[in-house]
file work31.tsv (TSV, C-alpha atoms)
chain	number	residue	atom	x	y	z
T	469	MET	CA	-2.64	10.90	-17.93
T	470	ALA	CA	-5.74	10.01	-15.93
T	471	TYR	CA	-5.31	8.19	-12.68
T	472	GLU	CA	-6.52	4.60	-12.47
T	473	PHE	CA	-5.41	2.77	-9.35
T	474	THR	CA	-4.57	-0.91	-9.08
T	475	HIS	CA	-6.53	-3.04	-6.63
T	476	LEU	CA	-3.47	-3.11	-4.37
T	477	GLN	CA	-3.23	0.69	-4.35
T	478	LEU	CA	-6.92	1.04	-3.50
T	479	LYS	CA	-6.52	-1.49	-0.68
T	480	LYS	CA	-3.51	0.42	0.65
T	481	MET	CA	-5.48	3.64	0.84
T	482	ILE	CA	-8.36	1.88	2.57
T	483	SER	CA	-5.80	0.79	5.17
T	484	GLY	CA	-4.51	4.37	5.53
T	485	VAL	CA	-1.25	3.68	3.68
T	486	MET	CA	0.17	6.25	1.26
T	487	ILE	CA	0.61	5.58	-2.44
T	488	GLU	CA	4.29	6.31	-2.95
T	489	SER	CA	4.03	7.95	-6.37
T	490	ALA	CA	5.35	11.51	-6.08
T	491	PHE	CA	6.69	13.99	-3.54
T	492	PRO	CA	5.83	14.28	-0.73
T	493	TYR	CA	3.90	11.00	-0.77
T	494	ASP	CA	7.00	9.07	-1.82
T	495	THR	CA	8.56	9.98	1.56
T	496	ASN	CA	5.81	8.06	3.39
T	497	ASP	CA	6.10	10.81	6.01
T	498	VAL	CA	2.75	11.95	7.41
T	499	GLN	CA	4.14	15.26	8.68
T	500	GLU	CA	5.79	16.03	5.35
T	501	VAL	CA	2.46	15.53	3.58
T	502	GLU	CA	0.68	17.74	6.13
T	503	ARG	CA	3.28	20.47	5.56
T	504	HIS	CA	2.78	20.21	1.80
T	505	ILE	CA	-1.00	20.54	2.10
T	506	ASN	CA	-0.56	23.41	4.56
T	507	SER	CA	1.72	25.14	2.06
T	508	LEU	CA	-1.01	24.76	-0.57
T	509	TYR	CA	-3.49	26.31	1.87
T	510	HIS	CA	-1.27	29.38	2.31
T	511	GLU	CA	-0.90	29.65	-1.47
T	512	LEU	CA	-4.69	29.60	-1.94
T	513	ARG	CA	-5.06	32.25	0.78
T	514	LYS	CA	-3.01	34.70	-1.27
T	515	SER	CA	-5.97	35.29	-3.56
T	516	GLY	CA	-7.60	38.65	-2.99
T	517	ILE	CA	-10.88	37.37	-4.41
T	518	VAL	CA	-11.63	34.36	-2.20
T	519	GLU	CA	-11.24	33.22	1.40
T	520	CYS	CA	-10.03	29.75	2.34
T	521	PHE	CA	-11.16	27.76	5.39
T	522	PRO	CA	-9.26	24.47	5.95
T	523	GLU	CA	-10.24	21.46	8.04
T	524	PHE	CA	-6.96	19.88	9.14
T	525	ASN	CA	-8.34	18.44	12.38
T	526	HIS	CA	-10.24	15.43	10.98
T	527	TYR	CA	-13.58	17.19	11.62
T	528	GLY	CA	-12.79	17.12	15.34
T	529	SER	CA	-12.73	13.34	15.75
T	530	GLY	CA	-11.73	10.09	14.08
T	531	TYR	CA	-9.59	10.05	10.94
T	532	SER	CA	-10.10	11.78	7.61
T	533	SER	CA	-8.09	10.59	4.60
T	534	PHE	CA	-8.25	14.10	3.17
T	535	VAL	CA	-8.08	17.77	4.11
T	536	GLU	CA	-11.13	19.82	3.18
T	537	PHE	CA	-11.00	23.45	2.04
T	538	PHE	CA	-14.11	25.61	1.85
T	539	ILE	CA	-13.42	28.50	-0.53
T	540	PRO	CA	-16.08	31.24	-0.76
T	541	LYS	CA	-15.74	34.62	-2.43
T	542	ARG	CA	-14.74	37.41	-0.09
T	543	ASN	CA	-17.66	39.42	1.30
T	544	SER	CA	-20.18	37.01	-0.24
T	545	LYS	CA	-22.33	36.39	2.85
T	546	THR	CA	-26.10	36.81	2.41
T	547	LEU	CA	-27.98	37.70	5.60
T	548	ILE	CA	-30.86	35.25	6.14
T	549	LYS	CA	-31.70	35.78	9.82
T	550	GLU	CA	-31.23	38.55	12.35
T	551	VAL	CA	-32.31	38.81	15.99
T	552	ILE	CA	-31.51	41.95	17.96
T	553	LYS	CA	-32.48	42.20	21.63
T	554	PRO	CA	-31.04	43.94	24.69
T	555	TYR	CA	-27.70	42.24	25.43
T	556	PHE	CA	-28.22	39.71	22.61
T	557	LEU	CA	-27.44	39.67	18.89
T	558	LEU	CA	-27.77	36.83	16.40
T	559	LYS	CA	-26.97	37.01	12.71
T	560	GLU	CA	-27.05	34.06	10.32
T	561	TYR	CA	-25.71	34.19	6.79
T	562	MET	CA	-25.76	31.88	3.79
T	563	VAL	CA	-22.36	31.47	2.15
T	564	GLU	CA	-21.71	29.81	-1.23
T	565	GLY	CA	-18.31	28.41	-2.05
T	566	ILE	CA	-16.12	25.82	-3.68
T	567	VAL	CA	-15.27	22.70	-1.66
T	568	LEU	CA	-11.88	21.07	-2.27
T	569	TYR	CA	-10.73	17.70	-0.92
T	570	VAL	CA	-6.96	17.10	-0.96
T	571	SER	CA	-5.90	13.54	-0.18
T	572	ARG	CA	-3.49	12.67	2.63
T	573	LEU	CA	-2.73	9.33	0.94
T	574	ALA	CA	-2.02	10.17	-2.73
T	575	PRO	CA	-1.46	13.28	-4.88
T	576	ILE	CA	-5.13	13.46	-5.87
T	577	ALA	CA	-7.99	15.89	-5.29
T	578	VAL	CA	-11.69	16.40	-6.00
T	579	TRP	CA	-13.95	19.40	-5.77
T	580	GLY	CA	-17.55	20.54	-5.73
T	581	PHE	CA	-19.82	23.31	-4.49
T	582	ASP	CA	-21.71	23.93	-1.25
T	583	GLU	CA	-23.96	26.43	0.51
T	584	ARG	CA	-23.25	26.78	4.23
T	585	ALA	CA	-24.82	28.71	7.07
T	586	TYR	CA	-22.55	31.00	9.07
T	587	ARG	CA	-23.69	32.22	12.49
T	588	ILE	CA	-22.56	35.03	14.78
T	589	LYS	CA	-23.92	35.30	18.32
T	590	LYS	CA	-23.14	38.01	20.84
T	591	TRP	CA	-24.14	38.19	24.50
T	592	LYS	CA	-23.41	41.47	26.29
T	593	ASP	CA	-20.93	42.42	23.54
T	594	VAL	CA	-19.06	39.12	23.95
T	595	ILE	CA	-18.95	36.87	20.88
T	596	VAL	CA	-20.13	33.42	21.98
T	597	GLU	CA	-20.40	31.88	18.51
T	598	ASP	CA	-18.69	32.78	15.25
T	599	ASP	CA	-18.52	29.82	12.90
T	600	TYR	CA	-20.11	27.76	10.14
T	601	VAL	CA	-23.08	25.76	11.45
T	602	SER	CA	-24.04	23.68	8.41
T	603	HIS	CA	-21.96	21.39	6.25
T	604	SER	CA	-22.40	18.99	3.33
T	605	PHE	CA	-19.91	16.36	2.17
T	606	LEU	CA	-18.94	15.68	-1.44
T	607	TYR	CA	-19.91	12.40	-3.11
T	608	PRO	CA	-19.67	11.37	-6.78
T	609	THR	CA	-23.40	10.60	-7.09
T	610	GLN	CA	-24.20	14.30	-6.57
T	611	HIS	CA	-25.25	16.03	-9.78
T	612	ASP	CA	-22.85	18.94	-9.23
T	613	PHE	CA	-19.84	16.86	-8.12
T	614	MET	CA	-16.74	18.14	-9.98
T	615	GLU	CA	-18.85	20.91	-11.51
T	616	CYS	CA	-18.69	24.61	-10.76
T	617	PRO	CA	-21.53	27.14	-11.18
T	618	SER	CA	-20.83	29.77	-13.81
T	619	LYS	CA	-20.66	32.48	-11.12
T	620	CYS	CA	-17.53	30.79	-9.68
T	621	GLN	CA	-15.82	29.76	-12.91
T	622	GLU	CA	-13.30	32.61	-13.03
T	623	GLU	CA	-12.15	32.11	-9.43
T	624	TRP	CA	-11.99	28.34	-9.75
T	625	CYS	CA	-9.83	28.37	-12.90
T	626	GLY	CA	-7.08	30.23	-11.04
T	627	LEU	CA	-7.37	28.07	-7.92
T	628	LYS	CA	-7.39	24.85	-9.93
T	629	GLU	CA	-4.10	25.84	-11.56
T	630	LYS	CA	-2.49	26.37	-8.15
T	631	VAL	CA	-3.66	22.97	-6.91
T	632	GLU	CA	-2.24	21.28	-10.01
T	633	GLU	CA	1.04	23.18	-9.62
T	634	TYR	CA	1.37	21.49	-6.22
T	635	GLY	CA	1.33	18.12	-7.97
T	636	TYR	CA	-2.31	17.14	-7.44
T	637	GLN	CA	-4.40	15.50	-10.12
T	638	PHE	CA	-8.18	15.81	-10.23
T	639	LEU	CA	-9.77	12.41	-10.67
T	640	PRO	CA	-12.71	12.18	-13.11
T	641	LYS	CA	-16.20	11.79	-11.70
T	642	GLU	CA	-16.89	8.76	-13.92
T	643	TYR	CA	-13.96	6.83	-12.43
T	644	LEU	CA	-14.74	7.73	-8.82
T	645	ASN	CA	-18.38	6.74	-9.30
T	646	LEU	CA	-17.49	3.17	-10.35
T	647	PRO	CA	-18.37	0.40	-7.88
T	648	LEU	CA	-15.38	-0.70	-5.80
T	649	PRO	CA	-14.08	-3.73	-7.76
T	650	PHE	CA	-13.50	-6.00	-4.75
T	651	GLU	CA	-14.96	-6.85	-1.35
T	652	ALA	CA	-13.86	-4.53	1.44
T	653	THR	CA	-14.84	-2.88	4.69
T	654	ILE	CA	-14.16	0.85	4.74
T	655	ALA	CA	-14.41	2.91	7.91
T	656	THR	CA	-16.38	5.74	6.33
T	657	CYS	CA	-19.39	7.83	7.26
T	658	PHE	CA	-20.25	8.52	3.62
T	659	THR	CA	-21.88	5.25	2.54
T	660	GLU	CA	-22.83	1.77	3.74
T	661	LYS	CA	-20.95	-1.48	3.32
T	662	GLY	CA	-21.81	-3.17	0.06
T	663	HIS	CA	-22.40	0.13	-1.74
T	664	TYR	CA	-18.82	1.41	-1.94
T	665	LYS	CA	-17.55	3.41	-4.90
T	666	VAL	CA	-13.91	3.87	-5.91
T	667	PHE	CA	-14.31	7.29	-4.25
T	668	ASP	CA	-14.78	5.63	-0.84
T	669	SER	CA	-11.35	4.02	-0.98
T	670	CYS	CA	-9.69	7.40	-1.66
T	671	PHE	CA	-11.75	9.89	0.34
T	672	TYR	CA	-13.25	8.72	3.60
T	673	TRP	CA	-13.89	9.93	7.12
T	674	GLU	CA	-13.97	7.53	10.04
T	675	ASP	CA	-15.75	9.25	12.93

call {"tool": "encode", "arguments": {"input": "work31.tsv", "output": "structure tokens"}}
result
Amino acid sequence: MAYEFTHLQLKKMISGVMIESAFPYDTNDVQEVERHINSLYHELRKSGIVECFPEFNHYGSGYSSFVEFFIPKRNSKTLIKEVIKPYFLLKEYMVEGIVLYVSRLAPIAVWGFDERAYRIKKWKDVIVEDDYVSHSFLYPTQHDFMECPSKCQEEWCGLKEKVEEYGYQFLPKEYLNLPLPFEATIATCFTEKGHYKVFDSCFYWED
């Protein structure tokens, strides 16, 4: 059955309150939910085909109503820049992967696709940078939101099953793209007041 939230449920999530519909969200225990999402992360990591990079730390500041996973194929980096000098090395790669948002407030999830730059810097054989340096956020107005390129279909089918086994339901793009049906102020970086979608009440980041 497709999810369709009541106005009260949407308002609760905007306020950072869990929708008490299923375990572990029915416990209303933040740590229990974090453990559940962390357990899902370890399950996704078991795949020998993909890697999984989680963002549990609210992007380093503020509050995120969801945990993001970036899931590229193993050994899928494409070298796009290389600088080699005495004592200095820089390599930059382009990495394609699935992006998964798992809600902290309800047993729901969304997904999409992203290309991210990954950079390695060395100075005198010491690694001074080794991380992703570009990042895009999901939003339901994107043409590829909730769509997966054919080259990732096989991997995603298996991952999607695991996410659903953990009790998460993927909300349809059409529903998330609807205008928010009431006046509200949402602390989100993704869109401006007066232009909120249903998505903004479920998945938001307050920086």

call {"tool": "closest_residue", "arguments": {"input": "work31.tsv", "among": "T:Leu557, T:Ile539, T:Leu547, T:Val570", "to": "Asn506 in chain T", "atoms": "all atoms listed in the file"}}
result
T:Val570

call {"tool": "closest_residue", "arguments": {"input": "work31.tsv", "among": "T:Phe556, T:Ala574, T:Trp673, T:Glu642", "to": "Phe605 in chain T", "atoms": "all atoms listed in the file"}}
result
T:Trp673

call {"tool": "atom_distance", "arguments": {"input": "work31.tsv", "atom1": "CA of Tyr600 in chain T", "atom2": "CA of Lys665 in chain T"}}
result
28.7 Å

call {"tool": "residues_around", "arguments": {"input": "work31.tsv", "residues": "Tyr471 in chain T", "least_positions_apart": "3", "cutoff": "9 Å", "atoms": "all atoms listed in the file", "output": "list in words"}}
result
Ile576, Gln637, Phe638, Leu639, Pro640 and Tyr643 of chain T

call {"tool": "closest_residue", "arguments": {"input": "work31.tsv", "among": "T:Asn543, T:Thr495, T:Ser489, T:Ser602", "to": "Tyr636 in chain T", "atoms": "only C-alpha atoms"}}
result
T:Ser489

call {"tool": "closest_residue", "arguments": {"input": "work31.tsv", "among": "T:Glu629, T:Asp582, T:Asp599, T:Asp593", "to": "Tyr561 in chain T", "atoms": "all atoms listed in the file"}}
result
T:Asp599

call {"tool": "atom_distance", "arguments": {"input": "work31.tsv", "atom1": "CA of Asp668 in chain T", "atom2": "CA of Val578 in chain T"}}
result
12.3 Å

call {"tool": "residues_around", "arguments": {"input": "work31.tsv", "residues": "range 608-625 of chain T", "least_positions_apart": "3", "cutoff": "6 Å", "atoms": "only C-alpha atoms", "output": "JSON, numbers by chain"}}
result
{"T": [579, 580, 628, 645]}

call {"tool": "atom_distance", "arguments": {"input": "work31.tsv", "atom1": "CA of Gly626 in chain T", "atom2": "CA of Ala577 in chain T"}}
result
15.5 Å

call {"tool": "residues_around", "arguments": {"input": "work31.tsv", "residues": "range 509-522 of chain T", "least_positions_apart": "2", "cutoff": "12 Å", "atoms": "only C-alpha atoms", "output": "ChimeraX atom specification"}}
result
/T:502-507,524-527,534-545,563-570,599-600,620,622-624,626-634

call {"tool": "closest_residue", "arguments": {"input": "work31.tsv", "among": "T:Ser533, T:Ile487, T:Leu606, T:Pro492", "to": "Ile654 in chain T", "atoms": "only C-alpha atoms"}}
result
T:Ser533

call {"tool": "axis_aligned_box", "arguments": {"input": "work31.tsv", "around": "range 569-585 of chain T", "padding_each_side": "5 Å", "output": "JSON"}}
result
{"center_x": -13.1, "center_y": 19.0, "center_z": 0.5, "size_x": 33.4, "size_y": 29.4, "size_z": 23.1}

call {"tool": "build_atoms", "arguments": {"input": "work31.tsv", "residues": "range 640-659 of chain T", "atoms": "N, CA and C atoms", "output": "CSV table (one decimal), in the frame of the given file"}}
result
chain,number,residue,atom,x,y,z
T,640,PRO,N,-11.4,12.0,-12.4
T,640,PRO,CA,-12.7,12.2,-13.1
T,640,PRO,C,-13.9,11.6,-12.3
T,641,LYS,N,-15.0,12.2,-12.4
T,641,LYS,CA,-16.2,11.8,-11.7
T,641,LYS,C,-16.6,10.4,-12.1
T,642,GLU,N,-16.5,10.1,-13.4
T,642,GLU,CA,-16.9,8.8,-13.9
T,642,GLU,C,-16.1,7.6,-13.3
T,643,TYR,N,-14.8,7.9,-13.1
T,643,TYR,CA,-14.0,6.8,-12.4
T,643,TYR,C,-14.3,6.7,-11.0
T,644,LEU,N,-14.5,7.8,-10.3
T,644,LEU,CA,-14.7,7.7,-8.8
T,644,LEU,C,-16.1,7.1,-8.5
T,645,ASN,N,-17.0,7.2,-9.5
T,645,ASN,CA,-18.4,6.7,-9.3
T,645,ASN,C,-18.5,5.2,-9.6
T,646,LEU,N,-17.4,4.6,-10.1
T,646,LEU,CA,-17.5,3.2,-10.4
T,646,LEU,C,-17.6,2.4,-9.0
T,647,PRO,N,-18.3,1.2,-9.1
T,647,PRO,CA,-18.4,0.4,-7.9
T,647,PRO,C,-17.0,-0.1,-7.5
T,648,LEU,N,-16.7,-0.2,-6.2
T,648,LEU,CA,-15.4,-0.7,-5.8
T,648,LEU,C,-15.3,-2.1,-6.3
T,649,PRO,N,-14.2,-2.5,-7.0
T,649,PRO,CA,-14.1,-3.7,-7.8
T,649,PRO,C,-13.7,-4.9,-6.9
T,650,PHE,N,-13.8,-4.8,-5.6
T,650,PHE,CA,-13.5,-6.0,-4.8
T,650,PHE,C,-14.2,-5.8,-3.4
T,651,GLU,N,-14.3,-6.9,-2.7
T,651,GLU,CA,-15.0,-6.8,-1.4
T,651,GLU,C,-14.1,-6.1,-0.4
T,652,ALA,N,-14.7,-5.3,0.5
T,652,ALA,CA,-13.9,-4.5,1.4
T,652,ALA,C,-14.8,-4.0,2.5
T,653,THR,N,-14.1,-3.6,3.6
T,653,THR,CA,-14.8,-2.9,4.7
T,653,THR,C,-14.1,-1.6,4.9
T,654,ILE,N,-14.8,-0.5,4.7
T,654,ILE,CA,-14.2,0.8,4.7
T,654,ILE,C,-14.8,1.6,5.9
T,655,ALA,N,-13.9,2.1,6.8
T,655,ALA,CA,-14.4,2.9,7.9
T,655,ALA,C,-14.8,4.3,7.4
T,656,THR,N,-16.0,4.5,6.9
T,656,THR,CA,-16.4,5.7,6.3
T,656,THR,C,-17.8,6.1,6.8
T,657,CYS,N,-18.0,7.3,6.9
T,657,CYS,CA,-19.4,7.8,7.3
T,657,CYS,C,-20.2,8.1,6.0
T,658,PHE,N,-19.6,8.0,4.8
T,658,PHE,CA,-20.2,8.5,3.6
T,658,PHE,C,-21.2,7.5,3.0
T,659,THR,N,-21.0,6.2,3.2
T,659,THR,CA,-21.9,5.2,2.5
T,659,THR,C,-21.8,4.0,3.3
